[in-house]
Each structure stands twice: as C-alpha cells, then as structure tokens.
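S.K.: Here it is, the structure in full.
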Amino acid sequence: MTEQKKKPSARRRARECATQTMYAWEVSKNAPDEVELAFLVDNPEESKGADLPYFRKLFRQTVNQLDAVDAALAPELDRSLEELDPIERAVLRLAAYELLFERDVPYKVVINEAIEVAKAFGAEDSHKYINGVLDKVAAHR
C-alpha cells in the first residue's frame, strides 16, 4: 500500500507563497507591490491552489506592520533579526503577524503552519527554532 501525499490546504499554499515573496522582498529591496506581482507572474505553478486573497493580505500586512512584528519577535530571539537566516526571518515575521493581528486564526494553527513551512523551505532543524520562538510570542498574545 502506497502512502498518498496529502495536498496542502489553500491557506498553507498561501503561507508558502508569502514566505517566498517575503524572502524575495528582503533580498531584492524592491517595492512590495512589485515583488508580489513578480512572484505571481513568474511562478504560476507555485501559486496554484493558494488562497490568493489571504496570500496578498498576509504578505502586505506583514510588511505594513513590520515594526510591530519585529518588536514582538526581538525579545524572544537569541540573536538579532538580521543574523537570522532569511527564510527563518520570513517565516517568523509572517507567523508573528498572524499571531498579533489575525485573531480568528488559532495560535496553534499559526505555529503548526509555520513549522510546516519551515520544514519545506528552511534549514534542516529550523522548524525547531521557529517553534520555540513562536511559542514565546504566542504566550504574549
């Protein structure tokens, strides 16, 4: 019996797309609108099956609320945000935004989704670090 790979939910795909876009935004230093459009145009397969309105909201609002997001993360980190791997930083910022501003999403869902996205895109054990930091941020929610 072969194990079927479960298709990611539309929200998970939105979070994955937002992570990739946040990374591209940080690396390119281009305007958020340009980076978002470029991601959608250049990666139609990546965005397939994603909740695009949630992707846009998550990316745009994380950028708009970056000062508050970074302020919530900073005391929970063992190093500065700039020293984090760019993928870890993107995952943490997006999840912290959700924890702070998307109150309809349960914190356990936010943390679990961030762990799964980190497993997909981050370094080997980055999901453990993400989990630890977000647990602390969620405690102040």
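Please note that chains go A, B, ... in the order of the structure tokens, that every chain numbers its residues from 1, and that ligands are numbered from 1 in the order shown.
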Using only C-alpha atoms, which protein or nucleic acid residues come within 10 Å of segment 85-90 of chain A? Drop anything in the same chain fewer than 2 positions from it, and give the result as number ranges by chain.
M.R.: A: 18-27, 59, 62, 70, 73, 81-83, 92-96, 114, 117-118, 121-123, 126-127, 129-130
S.K.: With a distance cut-off of 12 Å and only C-alpha atoms, select the neighbouring residues of Asp33 of chain A, excluding the residue or stretch itself and same-chain residues fewer than 2 positions from it, and output the selection as a PDB file with all heavy atoms, in the first residue's frame.
M.R.:
ATOM      1  N   THR A  21       7.690  35.166  -1.167  1.00  0.00           N
ATOM      2  CA  THR A  21       7.603  36.575  -1.559  1.00  0.00           C
ATOM      3  C   THR A  21       8.300  37.468  -0.539  1.00  0.00           C
ATOM      4  O   THR A  21       8.994  38.415  -0.916  1.00  0.00           O
ATOM      5  CB  THR A  21       6.127  36.980  -1.744  1.00  0.00           C
ATOM      6  OG1 THR A  21       5.531  36.063  -2.669  1.00  0.00           O
ATOM      7  CG2 THR A  21       5.992  38.384  -2.281  1.00  0.00           C
ATOM      8  N   MET A  22       8.138  37.147   0.750  1.00  0.00           N
ATOM      9  CA  MET A  22       8.812  37.920   1.794  1.00  0.00           C
ATOM     10  C   MET A  22      10.329  37.798   1.634  1.00  0.00           C
ATOM     11  O   MET A  22      11.056  38.799   1.728  1.00  0.00           O
ATOM     12  CB  MET A  22       8.377  37.417   3.174  1.00  0.00           C
ATOM     13  CG  MET A  22       9.001  38.167   4.330  1.00  0.00           C
ATOM     14  SD  MET A  22       8.458  39.877   4.484  1.00  0.00           S
ATOM     15  CE  MET A  22       6.874  39.664   5.217  1.00  0.00           C
ATOM     16  N   ALA A  24      11.948  37.156  -1.185  1.00  0.00           N
ATOM     17  CA  ALA A  24      12.310  37.909  -2.393  1.00  0.00           C
ATOM     18  C   ALA A  24      12.322  39.405  -2.122  1.00  0.00           C
ATOM     19  O   ALA A  24      13.200  40.130  -2.616  1.00  0.00           O
ATOM     20  CB  ALA A  24      11.346  37.578  -3.531  1.00  0.00           C
ATOM     21  N   TRP A  25      11.365  39.873  -1.332  1.00  0.00           N
ATOM     22  CA  TRP A  25      11.291  41.293  -0.993  1.00  0.00           C
ATOM     23  C   TRP A  25      12.522  41.726  -0.202  1.00  0.00           C
ATOM     24  O   TRP A  25      13.137  42.749  -0.491  1.00  0.00           O
ATOM     25  CB  TRP A  25      10.011  41.575  -0.204  1.00  0.00           C
ATOM     26  CG  TRP A  25       9.906  42.965   0.316  1.00  0.00           C
ATOM     27  CD1 TRP A  25       9.761  44.112  -0.415  1.00  0.00           C
ATOM     28  CD2 TRP A  25       9.946  43.367   1.684  1.00  0.00           C
ATOM     29  NE1 TRP A  25       9.709  45.203   0.429  1.00  0.00           N
ATOM     30  CE2 TRP A  25       9.814  44.767   1.723  1.00  0.00           C
ATOM     31  CE3 TRP A  25      10.075  42.666   2.890  1.00  0.00           C
ATOM     32  CZ2 TRP A  25       9.817  45.489   2.907  1.00  0.00           C
ATOM     33  CZ3 TRP A  25      10.067  43.390   4.069  1.00  0.00           C
ATOM     34  CH2 TRP A  25       9.938  44.790   4.071  1.00  0.00           C
ATOM     35  N   LYS A  29      15.065  44.147  -2.171  1.00  0.00           N
ATOM     36  CA  LYS A  29      14.856  45.525  -1.692  1.00  0.00           C
ATOM     37  C   LYS A  29      13.918  46.318  -2.611  1.00  0.00           C
ATOM     38  O   LYS A  29      13.866  47.541  -2.547  1.00  0.00           O
ATOM     39  CB  LYS A  29      16.181  46.282  -1.525  1.00  0.00           C
ATOM     40  CG  LYS A  29      17.213  45.588  -0.680  1.00  0.00           C
ATOM     41  CD  LYS A  29      16.878  45.614   0.774  1.00  0.00           C
ATOM     42  CE  LYS A  29      18.035  45.114   1.603  1.00  0.00           C
ATOM     43  NZ  LYS A  29      17.661  44.225   2.653  1.00  0.00           N
ATOM     44  N   ASN A  30      13.176  45.624  -3.466  1.00  0.00           N
ATOM     45  CA  ASN A  30      12.219  46.289  -4.351  1.00  0.00           C
ATOM     46  C   ASN A  30      10.934  46.592  -3.592  1.00  0.00           C
ATOM     47  O   ASN A  30      10.707  46.075  -2.504  1.00  0.00           O
ATOM     48  CB  ASN A  30      11.913  45.411  -5.570  1.00  0.00           C
ATOM     49  CG  ASN A  30      13.095  45.314  -6.506  1.00  0.00           C
ATOM     50  OD1 ASN A  30      13.954  46.181  -6.543  1.00  0.00           O
ATOM     51  ND2 ASN A  30      13.144  44.235  -7.265  1.00  0.00           N
ATOM     52  N   ALA A  31      10.076  47.389  -4.187  1.00  0.00           N
ATOM     53  CA  ALA A  31       8.799  47.740  -3.579  1.00  0.00           C
ATOM     54  C   ALA A  31       7.958  46.471  -3.393  1.00  0.00           C
ATOM     55  O   ALA A  31       7.951  45.600  -4.272  1.00  0.00           O
ATOM     56  CB  ALA A  31       8.054  48.738  -4.452  1.00  0.00           C
ATOM     57  N   VAL A  35       7.333  43.163  -5.996  1.00  0.00           N
ATOM     58  CA  VAL A  35       7.775  41.810  -5.648  1.00  0.00           C
ATOM     59  C   VAL A  35       6.594  40.852  -5.677  1.00  0.00           C
ATOM     60  O   VAL A  35       6.699  39.738  -6.199  1.00  0.00           O
ATOM     61  CB  VAL A  35       8.472  41.801  -4.273  1.00  0.00           C
ATOM     62  CG1 VAL A  35       8.839  40.385  -3.843  1.00  0.00           C
ATOM     63  CG2 VAL A  35       9.709  42.686  -4.286  1.00  0.00           C
ATOM     64  N   GLU A  36       5.466  41.290  -5.140  1.00  0.00           N
ATOM     65  CA  GLU A  36       4.267  40.445  -5.139  1.00  0.00           C
ATOM     66  C   GLU A  36       3.830  40.121  -6.565  1.00  0.00           C
ATOM     67  O   GLU A  36       3.556  38.964  -6.899  1.00  0.00           O
ATOM     68  CB  GLU A  36       3.142  41.157  -4.392  1.00  0.00           C
ATOM     69  CG  GLU A  36       1.851  40.380  -4.351  1.00  0.00           C
ATOM     70  CD  GLU A  36       0.735  41.181  -3.717  1.00  0.00           C
ATOM     71  OE1 GLU A  36       0.921  41.724  -2.609  1.00  0.00           O
ATOM     72  OE2 GLU A  36      -0.342  41.262  -4.350  1.00  0.00           O
ATOM     73  N   LEU A  37       3.759  41.142  -7.407  1.00  0.00           N
ATOM     74  CA  LEU A  37       3.354  40.938  -8.795  1.00  0.00           C
ATOM     75  C   LEU A  37       4.342  40.027  -9.523  1.00  0.00           C
ATOM     76  O   LEU A  37       3.933  39.097 -10.233  1.00  0.00           O
ATOM     77  CB  LEU A  37       3.236  42.283  -9.520  1.00  0.00           C
ATOM     78  CG  LEU A  37       2.817  42.210 -10.986  1.00  0.00           C
ATOM     79  CD1 LEU A  37       1.425  41.571 -11.126  1.00  0.00           C
ATOM     80  CD2 LEU A  37       2.831  43.597 -11.605  1.00  0.00           C
ATOM     81  N   ALA A  38       5.624  40.263  -9.328  1.00  0.00           N
ATOM     82  CA  ALA A  38       6.642  39.436  -9.977  1.00  0.00           C
ATOM     83  C   ALA A  38       6.514  37.980  -9.540  1.00  0.00           C
ATOM     84  O   ALA A  38       6.625  37.065 -10.362  1.00  0.00           O
ATOM     85  CB  ALA A  38       8.037  39.965  -9.655  1.00  0.00           C
ATOM     86  N   PHE A  39       6.252  37.756  -8.265  1.00  0.00           N
ATOM     87  CA  PHE A  39       6.098  36.381  -7.791  1.00  0.00           C
ATOM     88  C   PHE A  39       4.921  35.706  -8.494  1.00  0.00           C
ATOM     89  O   PHE A  39       5.034  34.578  -8.976  1.00  0.00           O
ATOM     90  CB  PHE A  39       5.899  36.328  -6.270  1.00  0.00           C
ATOM     91  CG  PHE A  39       5.655  34.927  -5.784  1.00  0.00           C
ATOM     92  CD1 PHE A  39       6.710  34.051  -5.590  1.00  0.00           C
ATOM     93  CD2 PHE A  39       4.360  34.468  -5.562  1.00  0.00           C
ATOM     94  CE1 PHE A  39       6.493  32.745  -5.180  1.00  0.00           C
ATOM     95  CE2 PHE A  39       4.127  33.171  -5.151  1.00  0.00           C
ATOM     96  CZ  PHE A  39       5.196  32.302  -4.955  1.00  0.00           C
ATOM     97  N   LEU A  40       3.797  36.389  -8.544  1.00  0.00           N
ATOM     98  CA  LEU A  40       2.598  35.801  -9.142  1.00  0.00           C
ATOM     99  C   LEU A  40       2.761  35.559 -10.643  1.00  0.00           C
ATOM    100  O   LEU A  40       2.326  34.534 -11.161  1.00  0.00           O
ATOM    101  CB  LEU A  40       1.383  36.688  -8.866  1.00  0.00           C
ATOM    102  CG  LEU A  40       0.940  36.722  -7.407  1.00  0.00           C
ATOM    103  CD1 LEU A  40      -0.116  37.794  -7.196  1.00  0.00           C
ATOM    104  CD2 LEU A  40       0.430  35.367  -6.944  1.00  0.00           C
ATOM    105  N   ARG A  56      -2.052  37.603  -0.364  1.00  0.00           N
ATOM    106  CA  ARG A  56      -1.819  39.043  -0.519  1.00  0.00           C
ATOM    107  C   ARG A  56      -1.936  39.773   0.820  1.00  0.00           C
ATOM    108  O   ARG A  56      -1.101  40.616   1.149  1.00  0.00           O
ATOM    109  CB  ARG A  56      -2.805  39.626  -1.521  1.00  0.00           C
ATOM    110  CG  ARG A  56      -2.495  39.262  -2.941  1.00  0.00           C
ATOM    111  CD  ARG A  56      -3.444  39.980  -3.910  1.00  0.00           C
ATOM    112  NE  ARG A  56      -3.017  39.764  -5.265  1.00  0.00           N
ATOM    113  CZ  ARG A  56      -3.659  38.973  -6.122  1.00  0.00           C
ATOM    114  NH1 ARG A  56      -4.760  38.353  -5.769  1.00  0.00           N
ATOM    115  NH2 ARG A  56      -3.199  38.828  -7.356  1.00  0.00           N
ATOM    116  N   LYS A  57      -2.964  39.443   1.577  1.00  0.00           N
ATOM    117  CA  LYS A  57      -3.170  40.079   2.873  1.00  0.00           C
ATOM    118  C   LYS A  57      -1.996  39.780   3.801  1.00  0.00           C
ATOM    119  O   LYS A  57      -1.460  40.680   4.451  1.00  0.00           O
ATOM    120  CB  LYS A  57      -4.477  39.584   3.501  1.00  0.00           C
ATOM    121  CG  LYS A  57      -4.747  40.162   4.865  1.00  0.00           C
ATOM    122  CD  LYS A  57      -6.044  39.610   5.435  1.00  0.00           C
ATOM    123  CE  LYS A  57      -6.363  40.237   6.774  1.00  0.00           C
ATOM    124  NZ  LYS A  57      -7.596  39.676   7.350  1.00  0.00           N
ATOM    125  N   PHE A  59       1.137  38.823   3.144  1.00  0.00           N
ATOM    126  CA  PHE A  59       2.378  39.480   2.736  1.00  0.00           C
ATOM    127  C   PHE A  59       2.299  40.993   2.954  1.00  0.00           C
ATOM    128  O   PHE A  59       3.164  41.574   3.615  1.00  0.00           O
ATOM    129  CB  PHE A  59       2.709  39.164   1.267  1.00  0.00           C
ATOM    130  CG  PHE A  59       3.865  39.953   0.741  1.00  0.00           C
ATOM    131  CD1 PHE A  59       5.139  39.757   1.249  1.00  0.00           C
ATOM    132  CD2 PHE A  59       3.689  40.914  -0.244  1.00  0.00           C
ATOM    133  CE1 PHE A  59       6.222  40.497   0.786  1.00  0.00           C
ATOM    134  CE2 PHE A  59       4.759  41.659  -0.722  1.00  0.00           C
ATOM    135  CZ  PHE A  59       6.030  41.457  -0.208  1.00  0.00           C
ATOM    136  N   ARG A  60       1.276  41.640   2.419  1.00  0.00           N
ATOM    137  CA  ARG A  60       1.163  43.097   2.501  1.00  0.00           C
ATOM    138  C   ARG A  60       1.080  43.589   3.941  1.00  0.00           C
ATOM    139  O   ARG A  60       1.729  44.579   4.307  1.00  0.00           O
ATOM    140  CB  ARG A  60      -0.064  43.578   1.733  1.00  0.00           C
ATOM    141  CG  ARG A  60       0.050  43.415   0.243  1.00  0.00           C
ATOM    142  CD  ARG A  60      -1.244  43.783  -0.448  1.00  0.00           C
ATOM    143  NE  ARG A  60      -1.188  43.517  -1.881  1.00  0.00           N
ATOM    144  CZ  ARG A  60      -2.189  43.713  -2.698  1.00  0.00           C
ATOM    145  NH1 ARG A  60      -3.345  44.197  -2.245  1.00  0.00           N
ATOM    146  NH2 ARG A  60      -2.062  43.444  -3.977  1.00  0.00           N
ATOM    147  N   GLN A  61       0.257  42.920   4.738  1.00  0.00           N
ATOM    148  CA  GLN A  61       0.084  43.387   6.113  1.00  0.00           C
ATOM    149  C   GLN A  61       1.302  43.108   6.982  1.00  0.00           C
ATOM    150  O   GLN A  61       1.588  43.861   7.911  1.00  0.00           O
ATOM    151  CB  GLN A  61      -1.184  42.787   6.726  1.00  0.00           C
ATOM    152  CG  GLN A  61      -2.456  43.317   6.108  1.00  0.00           C
ATOM    153  CD  GLN A  61      -2.519  44.838   6.163  1.00  0.00           C
ATOM    154  OE1 GLN A  61      -2.293  45.470   7.186  1.00  0.00           O
ATOM    155  NE2 GLN A  61      -2.815  45.449   5.018  1.00  0.00           N
ATOM    156  N   VAL A  63       4.357  43.298   5.881  1.00  0.00           N
ATOM    157  CA  VAL A  63       5.242  44.407   5.507  1.00  0.00           C
ATOM    158  C   VAL A  63       4.757  45.702   6.169  1.00  0.00           C
ATOM    159  O   VAL A  63       5.555  46.453   6.744  1.00  0.00           O
ATOM    160  CB  VAL A  63       5.324  44.552   3.974  1.00  0.00           C
ATOM    161  CG1 VAL A  63       6.040  45.837   3.571  1.00  0.00           C
ATOM    162  CG2 VAL A  63       6.018  43.339   3.355  1.00  0.00           C
ATOM    163  N   ASN A  64       3.450  45.952   6.118  1.00  0.00           N
ATOM    164  CA  ASN A  64       2.894  47.181   6.706  1.00  0.00           C
ATOM    165  C   ASN A  64       3.073  47.247   8.217  1.00  0.00           C
ATOM    166  O   ASN A  64       3.204  48.326   8.784  1.00  0.00           O
ATOM    167  CB  ASN A  64       1.409  47.318   6.366  1.00  0.00           C
ATOM    168  CG  ASN A  64       1.172  47.645   4.910  1.00  0.00           C
ATOM    169  OD1 ASN A  64       2.064  48.105   4.200  1.00  0.00           O
ATOM    170  ND2 ASN A  64      -0.040  47.383   4.447  1.00  0.00           N
TER     171      ASN A  64
END
S.K.: Let's see if you can do this: from backbone DSSP, list all helix (DSSP H, G or I) residues in segment 10-139 of chain A, as JSON, numbers by chain.
M.R.: {"A": [10, 11, 12, 13, 14, 15, 16, 17, 18, 19, 20, 21, 22, 23, 24, 25, 26, 27, 28, 32, 33, 34, 35, 36, 37, 38, 39, 40, 41, 42, 44, 45, 46, 47, 52, 53, 54, 55, 56, 57, 58, 59, 60, 61, 62, 63, 64, 66, 67, 68, 69, 70, 71, 72, 73, 74, 75, 76, 81, 82, 83, 86, 87, 88, 89, 90, 91, 92, 93, 94, 95, 96, 97, 98, 99, 100, 101, 107, 108, 109, 110, 111, 112, 113, 114, 115, 116, 117, 118, 119, 120, 121, 126, 127, 128, 129, 130, 131, 132, 133, 134, 135, 136, 137, 138, 139]}
S.K.: Any idea what the distance is between atom CA of Tyr54 of chain A and atom CA of Arg13 of chain A?
M.R.: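 So the answer is 9.8 Å.
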S.K.: Between A:Cys17, A:Ala10, A:Asn131, A:Asp104, which is the closest to Pro44 of chain A once you count only C-alpha atoms?
M.R.: A:Cys17
S.K.: Just the residues within 9 Å of Glu16 of chain A, please, counting only C-alpha atoms, with nothing from its chain fewer than 5 positions along; format it as an NGL selection string.
M.R.: :A and (11 or 21 or 46-47 or 50 or 55 or 91 or 117 or 120-121)
S.K.: Which is closer to Asp78 of chain A than all the others in A:Pro53, A:Gly132, A:Glu45, A:Tyr97, using only C-alpha atoms?
M.R.: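 For Asp78 of chain A, the nearest of the candidates is A:Gly132.
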S.K.: Work out how far apart atom CA of Lys108 of chain A and atom CA of Arg141 of chain A are and give it in Å to one decimal.
M.R.: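 Separation between atom CA of Lys108 of chain A and atom CA of Arg141 of chain A: 11.8 Å.
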